[in-house]
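Colleague: Sharing target.cif, mmCIF, C-alpha atoms:
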data_protein
#
loop_
_atom_site.group_PDB
_atom_site.id
_atom_site.type_symbol
_atom_site.label_atom_id
_atom_site.label_comp_id
_atom_site.auth_asym_id
_atom_site.auth_seq_id
_atom_site.Cartn_x
_atom_site.Cartn_y
_atom_site.Cartn_z
ATOM 1 C CA PRO A 1 -3.958 -51.797 -25.274
ATOM 2 C CA LEU A 2 -5.833 -54.040 -22.853
ATOM 3 C CA VAL A 3 -8.719 -55.350 -24.950
ATOM 4 C CA LEU A 4 -11.455 -57.180 -23.049
ATOM 5 C CA SER A 5 -13.272 -58.572 -26.081
ATOM 6 C CA LYS A 6 -11.671 -61.813 -27.284
ATOM 7 C CA GLU A 7 -13.292 -61.420 -30.699
ATOM 8 C CA ALA A 8 -11.925 -57.884 -31.061
ATOM 9 C CA ALA A 9 -8.455 -59.039 -29.998
ATOM 10 C CA GLU A 10 -8.464 -61.880 -32.540
ATOM 11 C CA LYS A 11 -9.336 -59.371 -35.268
ATOM 12 C CA GLY A 12 -6.308 -57.233 -34.471
ATOM 13 C CA LEU A 13 -7.506 -54.560 -32.061
ATOM 14 C CA SER A 14 -5.128 -55.765 -29.340
ATOM 15 C CA ASP A 15 -2.211 -54.656 -31.547
ATOM 16 C CA SER A 16 -1.351 -51.024 -30.979
ATOM 17 C CA LEU A 17 -0.624 -48.549 -33.755
ATOM 18 C CA PHE A 18 2.976 -48.295 -32.572
ATOM 19 C CA SER A 19 3.466 -52.073 -32.630
ATOM 20 C CA TYR A 20 2.065 -52.116 -36.169
ATOM 21 C CA LEU A 21 4.503 -49.402 -37.264
ATOM 22 C CA LYS A 22 7.360 -51.208 -35.542
ATOM 23 C CA HIS A 23 6.575 -54.429 -37.431
ATOM 24 C CA LEU A 24 6.675 -52.446 -40.695
ATOM 25 C CA ASN A 25 10.008 -50.950 -39.663
ATOM 26 C CA ASP A 26 11.420 -54.377 -38.705
ATOM 27 C CA ASP A 27 10.418 -55.802 -42.084
ATOM 28 C CA TYR A 28 11.992 -52.838 -43.853
ATOM 29 C CA MET A 29 15.247 -53.191 -41.910
ATOM 30 C CA LYS A 30 15.446 -56.901 -42.790
ATOM 31 C CA ASP A 31 15.337 -56.012 -46.473
ATOM 32 C CA HIS A 32 17.387 -52.793 -46.450
ATOM 33 C CA GLY A 33 19.435 -52.826 -43.231
ATOM 34 C CA GLU A 34 22.733 -53.446 -44.973
ATOM 35 C CA GLU A 35 22.283 -50.585 -47.407
ATOM 36 C CA GLU A 36 24.323 -47.438 -46.841
ATOM 37 C CA ARG A 37 22.570 -44.646 -44.909
ATOM 38 C CA THR A 38 19.654 -46.886 -43.895
ATOM 39 C CA VAL A 39 18.531 -45.838 -40.403
ATOM 40 C CA SER A 40 15.890 -47.529 -38.291
ATOM 41 C CA ALA A 41 12.823 -45.412 -37.516
ATOM 42 C CA CYS A 42 12.494 -47.094 -34.099
ATOM 43 C CA VAL A 43 14.612 -46.631 -30.996
ATOM 44 C CA SER A 44 13.993 -48.789 -27.941
ATOM 45 C CA LEU A 45 13.711 -46.943 -24.635
ATOM 46 C CA ARG A 46 15.698 -49.201 -22.338
ATOM 47 C CA MET A 47 15.996 -46.958 -19.284
ATOM 48 C CA GLN A 48 13.120 -46.605 -16.827
ATOM 49 C CA TYR A 49 12.896 -43.838 -14.218
ATOM 50 C CA ARG A 50 10.110 -45.183 -11.985
ATOM 51 C CA MET A 51 11.036 -48.381 -10.158
ATOM 52 C CA ASN A 52 13.592 -49.808 -7.803
ATOM 53 C CA ARG A 53 15.696 -52.252 -9.818
ATOM 54 C CA TRP A 54 14.402 -55.321 -7.940
ATOM 55 C CA ILE A 55 10.844 -54.405 -8.910
ATOM 56 C CA SER A 56 11.615 -53.811 -12.581
ATOM 57 C CA ASN A 57 14.053 -56.696 -12.970
ATOM 58 C CA PHE A 58 11.375 -59.384 -13.261
ATOM 59 C CA SER A 59 9.463 -57.576 -16.012
ATOM 60 C CA SER A 60 12.758 -56.836 -17.730
ATOM 61 C CA ARG A 61 13.620 -60.536 -17.834
ATOM 62 C CA VAL A 62 10.173 -61.816 -18.786
ATOM 63 C CA PHE A 63 8.675 -59.098 -20.987
ATOM 64 C CA TYR A 64 11.626 -57.039 -22.313
ATOM 65 C CA GLU A 65 14.288 -59.663 -23.072
ATOM 66 C CA GLY A 66 16.417 -58.364 -20.201
ATOM 67 C CA GLN A 67 16.909 -54.980 -21.861
ATOM 68 C CA LEU A 68 14.978 -52.767 -19.421
ATOM 69 C CA GLU A 69 17.304 -51.058 -16.947
ATOM 70 C CA ALA A 70 16.690 -48.846 -13.930
ATOM 71 C CA ASP A 71 18.249 -45.406 -14.001
ATOM 72 C CA PRO A 72 20.719 -44.864 -11.115
ATOM 73 C CA SER A 73 18.398 -42.162 -9.740
ATOM 74 C CA VAL A 74 15.765 -44.808 -8.902
ATOM 75 C CA ALA A 75 17.613 -48.135 -8.997
ATOM 76 C CA LYS A 76 18.310 -48.265 -5.260
ATOM 77 C CA SER A 77 15.450 -46.119 -3.970
ATOM 78 C CA LEU A 78 13.813 -47.635 -0.882
ATOM 79 C CA LEU A 79 10.667 -46.901 1.054
ATOM 80 C CA GLU A 80 11.290 -44.249 3.722
ATOM 81 C CA VAL A 81 9.501 -45.049 6.978
ATOM 82 C CA ALA A 82 9.499 -43.717 10.526
ATOM 83 C CA PRO A 83 12.564 -45.099 12.364
ATOM 84 C CA ALA A 84 10.552 -46.594 15.228
ATOM 85 C CA GLY A 85 6.991 -46.989 16.448
ATOM 86 C CA PRO A 86 4.513 -49.071 18.445
ATOM 87 C CA TRP A 87 3.737 -51.400 15.542
ATOM 88 C CA SER A 88 6.456 -53.904 16.460
ATOM 89 C CA ALA A 89 4.467 -54.975 19.533
ATOM 90 C CA THR A 90 1.181 -55.562 17.717
ATOM 91 C CA GLU A 91 1.993 -56.705 14.178
ATOM 92 C CA THR A 92 2.449 -60.305 13.139
ATOM 93 C CA PRO A 93 5.936 -61.421 12.022
ATOM 94 C CA ALA A 94 4.647 -61.726 8.437
ATOM 95 C CA ILE A 95 3.540 -58.084 8.281
ATOM 96 C CA LEU A 96 6.736 -56.890 9.986
ATOM 97 C CA GLN A 97 8.813 -58.720 7.403
ATOM 98 C CA ALA A 98 6.670 -57.696 4.425
ATOM 99 C CA LEU A 99 6.997 -54.001 5.320
ATOM 100 C CA GLN A 100 10.774 -54.011 5.671
ATOM 101 C CA PRO A 101 12.032 -51.251 3.320
ATOM 102 C CA ALA A 102 15.005 -53.471 2.421
ATOM 103 C CA TYR A 103 12.617 -55.759 0.495
ATOM 104 C CA PRO A 104 11.243 -53.769 -2.480
ATOM 105 C CA LEU A 105 9.277 -56.774 -3.792
ATOM 106 C CA VAL A 106 7.521 -59.312 -1.567
ATOM 107 C CA PHE A 107 4.871 -61.983 -2.082
ATOM 108 C CA LEU A 108 2.518 -62.408 0.877
ATOM 109 C CA ASP A 109 1.289 -65.997 0.650
ATOM 110 C CA VAL A 110 -2.292 -66.059 1.945
ATOM 111 C CA ARG A 111 -3.987 -69.438 2.361
ATOM 112 C CA SER A 112 -7.673 -69.664 3.210
ATOM 113 C CA ALA A 113 -10.045 -72.494 4.039
ATOM 114 C CA GLU A 114 -13.118 -70.249 4.090
ATOM 115 C CA GLU A 115 -16.028 -71.752 2.202
ATOM 116 C CA SER A 116 -17.259 -68.267 1.320
ATOM 117 C CA GLU A 117 -14.179 -67.496 -0.774
ATOM 118 C CA GLY A 118 -15.231 -66.970 -4.380
ATOM 119 C CA ILE A 119 -13.234 -67.494 -7.549
ATOM 120 C CA LYS A 120 -12.950 -63.710 -8.065
ATOM 121 C CA SER A 121 -12.719 -62.523 -4.470
ATOM 122 C CA SER A 122 -10.996 -63.369 -1.220
ATOM 123 C CA ASN A 123 -11.827 -62.067 2.244
ATOM 124 C CA ALA A 124 -8.576 -63.499 3.573
ATOM 125 C CA GLU A 125 -6.598 -61.426 1.074
ATOM 126 C CA ALA A 126 -8.702 -58.341 1.807
ATOM 127 C CA ARG A 127 -7.905 -58.654 5.526
ATOM 128 C CA ALA A 128 -4.211 -59.117 4.721
ATOM 129 C CA VAL A 129 -4.256 -56.013 2.505
ATOM 130 C CA ARG A 130 -5.920 -54.057 5.302
ATOM 131 C CA GLU A 131 -3.178 -55.145 7.735
ATOM 132 C CA VAL A 132 -0.543 -54.032 5.239
ATOM 133 C CA VAL A 133 -2.232 -50.647 4.788
ATOM 134 C CA LYS A 134 -2.529 -50.244 8.557
ATOM 135 C CA GLY A 135 1.196 -50.918 8.900
ATOM 136 C CA LEU A 136 2.125 -48.488 6.146
ATOM 137 C CA LEU A 137 0.044 -45.679 7.659
ATOM 138 C CA ALA A 138 1.545 -46.350 11.095
ATOM 139 C CA ARG A 139 5.007 -45.968 9.558
ATOM 140 C CA GLY A 140 4.156 -42.536 8.181
ATOM 141 C CA ILE A 141 3.398 -43.440 4.571
ATOM 142 C CA ALA A 142 0.839 -40.974 3.189
ATOM 143 C CA GLN A 143 -2.457 -42.313 1.842
ATOM 144 C CA LYS A 144 -1.834 -40.609 -1.498
ATOM 145 C CA ASP A 145 1.344 -42.676 -1.918
ATOM 146 C CA ILE A 146 -0.481 -46.024 -1.639
ATOM 147 C CA GLY A 147 -2.210 -47.762 -4.519
ATOM 148 C CA ILE A 148 -4.207 -50.999 -4.254
ATOM 149 C CA ILE A 149 -5.078 -52.981 -7.352
ATOM 150 C CA ALA A 150 -6.849 -56.250 -8.141
ATOM 151 C CA PRO A 151 -7.644 -58.049 -11.395
ATOM 152 C CA TYR A 152 -11.389 -58.297 -10.731
ATOM 153 C CA ARG A 153 -14.016 -55.683 -9.889
ATOM 154 C CA ALA A 154 -15.471 -58.102 -7.316
ATOM 155 C CA GLN A 155 -12.252 -58.005 -5.317
ATOM 156 C CA VAL A 156 -11.963 -54.220 -5.688
ATOM 157 C CA ALA A 157 -15.436 -53.924 -4.137
ATOM 158 C CA ASN A 158 -14.428 -56.398 -1.423
ATOM 159 C CA LEU A 159 -11.261 -54.439 -0.630
ATOM 160 C CA ARG A 160 -13.253 -51.231 -0.416
ATOM 161 C CA ARG A 161 -15.739 -52.870 1.956
ATOM 162 C CA HIS A 162 -12.909 -53.903 4.295
ATOM 163 C CA LEU A 163 -11.038 -50.599 4.073
ATOM 164 C CA PHE A 164 -14.050 -48.281 4.397
ATOM 165 C CA SER A 165 -15.543 -50.049 7.427
ATOM 166 C CA ASP A 166 -14.403 -49.935 11.052
ATOM 167 C CA ASP A 167 -13.086 -53.136 12.596
ATOM 168 C CA GLU A 168 -12.612 -52.501 16.311
ATOM 169 C CA ALA A 169 -11.448 -56.046 16.997
ATOM 170 C CA ASN A 170 -8.415 -55.476 14.783
ATOM 171 C CA GLY A 171 -7.914 -51.812 15.629
ATOM 172 C CA TRP A 172 -8.854 -50.636 12.150
ATOM 173 C CA GLN A 173 -10.452 -47.233 11.619
ATOM 174 C CA ALA A 174 -12.266 -46.846 8.320
ATOM 175 C CA LEU A 175 -10.716 -44.751 5.599
ATOM 176 C CA SER A 176 -12.458 -41.499 4.763
ATOM 177 C CA PRO A 177 -14.667 -41.616 1.637
ATOM 178 C CA ASP A 178 -12.524 -38.887 0.084
ATOM 179 C CA THR A 179 -9.208 -40.665 0.702
ATOM 180 C CA PRO A 180 -6.536 -40.013 -1.933
ATOM 181 C CA MET A 181 -5.580 -43.703 -1.728
ATOM 182 C CA SER A 182 -6.300 -45.388 -5.063
ATOM 183 C CA ILE A 183 -8.191 -48.712 -5.033
ATOM 184 C CA ASP A 184 -9.033 -50.009 -8.497
ATOM 185 C CA THR A 185 -8.641 -52.716 -11.127
ATOM 186 C CA VAL A 186 -5.421 -53.327 -13.034
ATOM 187 C CA ASP A 187 -6.985 -52.090 -16.263
ATOM 188 C CA ARG A 188 -8.083 -48.781 -14.734
ATOM 189 C CA PHE A 189 -4.662 -48.289 -13.128
ATOM 190 C CA GLN A 190 -2.833 -48.453 -16.449
ATOM 191 C CA GLY A 191 -0.538 -45.434 -16.710
ATOM 192 C CA GLY A 192 -0.684 -44.777 -12.959
ATOM 193 C CA GLU A 193 2.030 -45.173 -10.344
ATOM 194 C CA ARG A 194 2.445 -44.936 -6.564
ATOM 195 C CA VAL A 195 5.302 -45.133 -4.097
ATOM 196 C CA VAL A 196 3.734 -48.352 -2.766
ATOM 197 C CA ILE A 197 1.524 -50.747 -4.711
ATOM 198 C CA ILE A 198 -0.401 -53.606 -3.097
ATOM 199 C CA MET A 199 -1.693 -56.174 -5.563
ATOM 200 C CA SER A 200 -4.390 -58.666 -4.501
ATOM 201 C CA PHE A 201 -4.733 -61.494 -7.030
ATOM 202 C CA ALA A 202 -7.928 -62.842 -5.396
ATOM 203 C CA THR A 203 -7.468 -66.305 -6.852
ATOM 204 C CA PRO A 204 -7.765 -68.827 -4.000
ATOM 205 C CA GLN A 205 -8.200 -71.647 -6.548
ATOM 206 C CA THR A 206 -6.298 -72.293 -9.771
ATOM 207 C CA PRO A 207 -8.614 -71.528 -12.729
ATOM 208 C CA GLY A 208 -8.787 -74.290 -15.335
ATOM 209 C CA THR A 209 -7.078 -73.852 -18.684
ATOM 210 C CA GLU A 210 -10.485 -73.483 -20.376
ATOM 211 C CA SER A 211 -11.642 -70.838 -17.890
ATOM 212 C CA PRO A 212 -11.700 -67.202 -19.099
ATOM 213 C CA LEU A 213 -10.045 -66.314 -15.787
ATOM 214 C CA HIS A 214 -6.969 -68.331 -16.770
ATOM 215 C CA GLU A 215 -6.367 -66.141 -19.813
ATOM 216 C CA PHE A 216 -7.401 -62.997 -17.938
ATOM 217 C CA LEU A 217 -4.765 -63.518 -15.236
ATOM 218 C CA THR A 218 -1.971 -64.578 -17.555
ATOM 219 C CA LYS A 219 -2.317 -62.011 -20.321
ATOM 220 C CA PRO A 220 1.215 -60.562 -20.539
ATOM 221 C CA ASN A 221 0.144 -56.932 -21.046
ATOM 222 C CA ARG A 222 -2.151 -56.949 -18.014
ATOM 223 C CA LEU A 223 0.348 -58.702 -15.733
ATOM 224 C CA ASN A 224 3.124 -56.381 -16.852
ATOM 225 C CA VAL A 225 0.957 -53.350 -16.019
ATOM 226 C CA ALA A 226 0.251 -54.760 -12.549
ATOM 227 C CA LEU A 227 3.920 -55.403 -11.783
ATOM 228 C CA THR A 228 5.261 -52.042 -12.955
ATOM 229 C CA ARG A 229 3.147 -49.453 -11.106
ATOM 230 C CA ALA A 230 5.225 -49.306 -7.882
ATOM 231 C CA GLN A 231 8.147 -46.961 -7.363
ATOM 232 C CA ARG A 232 9.722 -48.246 -4.134
ATOM 233 C CA LYS A 233 7.598 -51.091 -2.759
ATOM 234 C CA LEU A 234 5.502 -53.780 -4.444
ATOM 235 C CA ILE A 235 3.543 -56.124 -2.180
ATOM 236 C CA LEU A 236 1.865 -59.027 -3.963
ATOM 237 C CA VAL A 237 -0.913 -60.772 -2.037
ATOM 238 C CA GLY A 238 -2.182 -64.159 -3.160
ATOM 239 C CA SER A 239 -2.231 -67.902 -2.767
ATOM 240 C CA ALA A 240 1.081 -69.316 -3.968
ATOM 241 C CA PRO A 241 -0.259 -72.858 -4.646
ATOM 242 C CA ALA A 242 -3.201 -71.506 -6.646
ATOM 243 C CA LEU A 243 -1.065 -69.180 -8.776
ATOM 244 C CA GLU A 244 2.081 -71.259 -9.240
ATOM 245 C CA ALA A 245 0.493 -73.513 -11.865
ATOM 246 C CA LEU A 246 -0.244 -70.528 -14.126
ATOM 247 C CA PRO A 247 2.103 -69.239 -16.843
ATOM 248 C CA TYR A 248 4.462 -66.478 -15.643
ATOM 249 C CA PHE A 249 3.516 -66.980 -11.991
ATOM 250 C CA SER A 250 5.873 -69.899 -11.434
ATOM 251 C CA ARG A 251 8.712 -67.632 -12.589
ATOM 252 C CA LEU A 252 7.414 -64.759 -10.487
ATOM 253 C CA LEU A 253 7.325 -66.904 -7.342
ATOM 254 C CA ALA A 254 10.739 -68.366 -8.139
ATOM 255 C CA TYR A 255 12.074 -64.823 -8.479
ATOM 256 C CA CYS A 256 10.651 -63.842 -5.097
ATOM 257 C CA ARG A 257 11.971 -67.033 -3.506
ATOM 258 C CA SER A 258 15.447 -66.249 -4.839
ATOM 259 C CA MET A 259 15.289 -63.078 -2.726
ATOM 260 C CA ASN A 260 13.690 -64.877 0.250
ATOM 261 C CA THR A 261 10.635 -62.650 -0.017
ATOM 262 C CA VAL A 262 7.812 -65.203 -0.225
ATOM 263 C CA ILE A 263 6.218 -64.708 3.189
ATOM 264 C CA ALA A 264 3.604 -66.986 4.720
ATOM 265 C CA TYR A 265 0.730 -64.921 6.100
ATOM 266 C CA THR A 266 -0.991 -66.483 9.119
#
Here is a file; write its structure as structure tokens.

Modeller:
Amino acid sequence: PLVLSKEAAEKGLSDSLFSYLKHLNDDYMKDHGEEERTVSACVSLRMQYRMNRWISNFSSRVFYEGQLEADPSVAKSLLEVAPAGPWSATETPAILQALQPAYPLVFLDVRSAEESEGIKSSNAEARAVREVVKGLLARGIAQKDIGIIAPYRAQVANLRRHLFSDDEANGWQALSPDTPMSIDTVDRFQGGERVVIIMSFATPQTPGTESPLHEFLTKPNRLNVALTRAQRKLILVGSAPALEALPYFSRLLAYCRSMNTVIAYT
């Protein structure tokens, strides 16, 4: 469970019933595992049927001791887009590269010098997300197949403001209020999935180690949820320098760099 109250978490409410039962089972197996006919009550589910293997591989390494595997039915599944269109003449090289179906996981590195950027929101990231959505729709991806998530409600509101308002200068037509596209926080998206997930971290500055935001961003359960909602395409949007100093994020960026999918957005 994703428990927001630190006091509640410290008193044990962040431990699920199943994890509690598993600990009991592990202790029992340590004491009785060598006895004849002793069988473990727990079986690990090591095959996932949701994600392309390059999306799930990072979580497998970091959160599942390398034991999570992609079933062959989904392991090589790629985003299916229209073969050609007018977008190539209008999109920036960064967006063109980020939307290549051959790259299931990309990190769009957004830098901003705007003084108005807050610690929990980023207009620069919101504009980048809007450009990504515009490109996906132009390629024939249905709105219902796109999910947009952010760690903070402030950035969710900011994303909605950008997506539900016209911007003639950039050729953006506002989404309909009843769009099936999902735009919500990581916590509210738990259990959900979409063909494409766009994640806006909205952290233009590195939060200090004493800041609640530091723990909020780096909580393993929450980060794992964020990184495992996409089926065929996961587009991470954030500031690489601001995130790289945080636990897990240095490994995440190194993983993306190993695939040459850290893309500078300008």

Colleague: Just want the 10 Å neighbourhood of Ala70 in chain A, counted on all atoms listed in the file, with same-chain residues fewer than 6 positions away dropped. Output as a ChimeraX atom specification.

Modeller: /A:46-57,60,76

Colleague: I want to know what sits within 12 Å of Val132 in chain A, based on all atoms listed in the file, with residues of the same chain fewer than 2 positions away left out; could you give that as a VMD selection string?

Modeller: chain A and resid 87 91 to 100 106 108 125 to 130 134 to 139 141 146 to 148 163 172 196 to 200 233 to 237 265

Colleague: Scan for residues within 8 Å of the point (-9.7, -62.6, -5.6) in the coordinates of the file, using all atoms listed in the file, and reply as a PDB file with C-alpha atoms, keeping the file's coordinate frame.

Modeller:
ATOM      1  CA  GLY A 118     -15.231 -66.970  -4.380  1.00  0.00           C
ATOM      2  CA  ILE A 119     -13.234 -67.494  -7.549  1.00  0.00           C
ATOM      3  CA  LYS A 120     -12.950 -63.710  -8.065  1.00  0.00           C
ATOM      4  CA  SER A 121     -12.719 -62.523  -4.470  1.00  0.00           C
ATOM      5  CA  SER A 122     -10.996 -63.369  -1.220  1.00  0.00           C
ATOM      6  CA  GLU A 125      -6.598 -61.426   1.074  1.00  0.00           C
ATOM      7  CA  ALA A 150      -6.849 -56.250  -8.141  1.00  0.00           C
ATOM      8  CA  PRO A 151      -7.644 -58.049 -11.395  1.00  0.00           C
ATOM      9  CA  TYR A 152     -11.389 -58.297 -10.731  1.00  0.00           C
ATOM     10  CA  ALA A 154     -15.471 -58.102  -7.316  1.00  0.00           C
ATOM     11  CA  GLN A 155     -12.252 -58.005  -5.317  1.00  0.00           C
ATOM     12  CA  SER A 200      -4.390 -58.666  -4.501  1.00  0.00           C
ATOM     13  CA  PHE A 201      -4.733 -61.494  -7.030  1.00  0.00           C
ATOM     14  CA  ALA A 202      -7.928 -62.842  -5.396  1.00  0.00           C
ATOM     15  CA  THR A 203      -7.468 -66.305  -6.852  1.00  0.00           C
ATOM     16  CA  PRO A 204      -7.765 -68.827  -4.000  1.00  0.00           C
TER      17      PRO A 204
END

Colleague: With range 11-26 of chain A as the partner and 8 Å as the cut-off, tabulate the residues of range 39-121 of chain A that qualify, each row holding the nearest pair of atoms and their distance in Å to one decimal, using only C-alpha atoms, sorted by chain and rising number, as JSON lines.

Modeller:
{"residue": "A:Ser40", "atom": "CA", "partner": "A:Asn25", "partner_atom": "CA", "distance": 6.9}
{"residue": "A:Ala41", "atom": "CA", "partner": "A:Asn25", "partner_atom": "CA", "distance": 6.6}
{"residue": "A:Cys42", "atom": "CA", "partner": "A:Lys22", "partner_atom": "CA", "distance": 6.7}

Colleague: Extract, using all atoms listed in the file, all DNA, RNA and protein residues at most 9 Å from Asp109 in chain A, discarding same-chain residues fewer than 5 positions from it, and format them as JSON, numbers by chain.

Modeller: {"A": [236, 237, 238, 239, 240, 241, 262, 263, 264, 265, 266]}
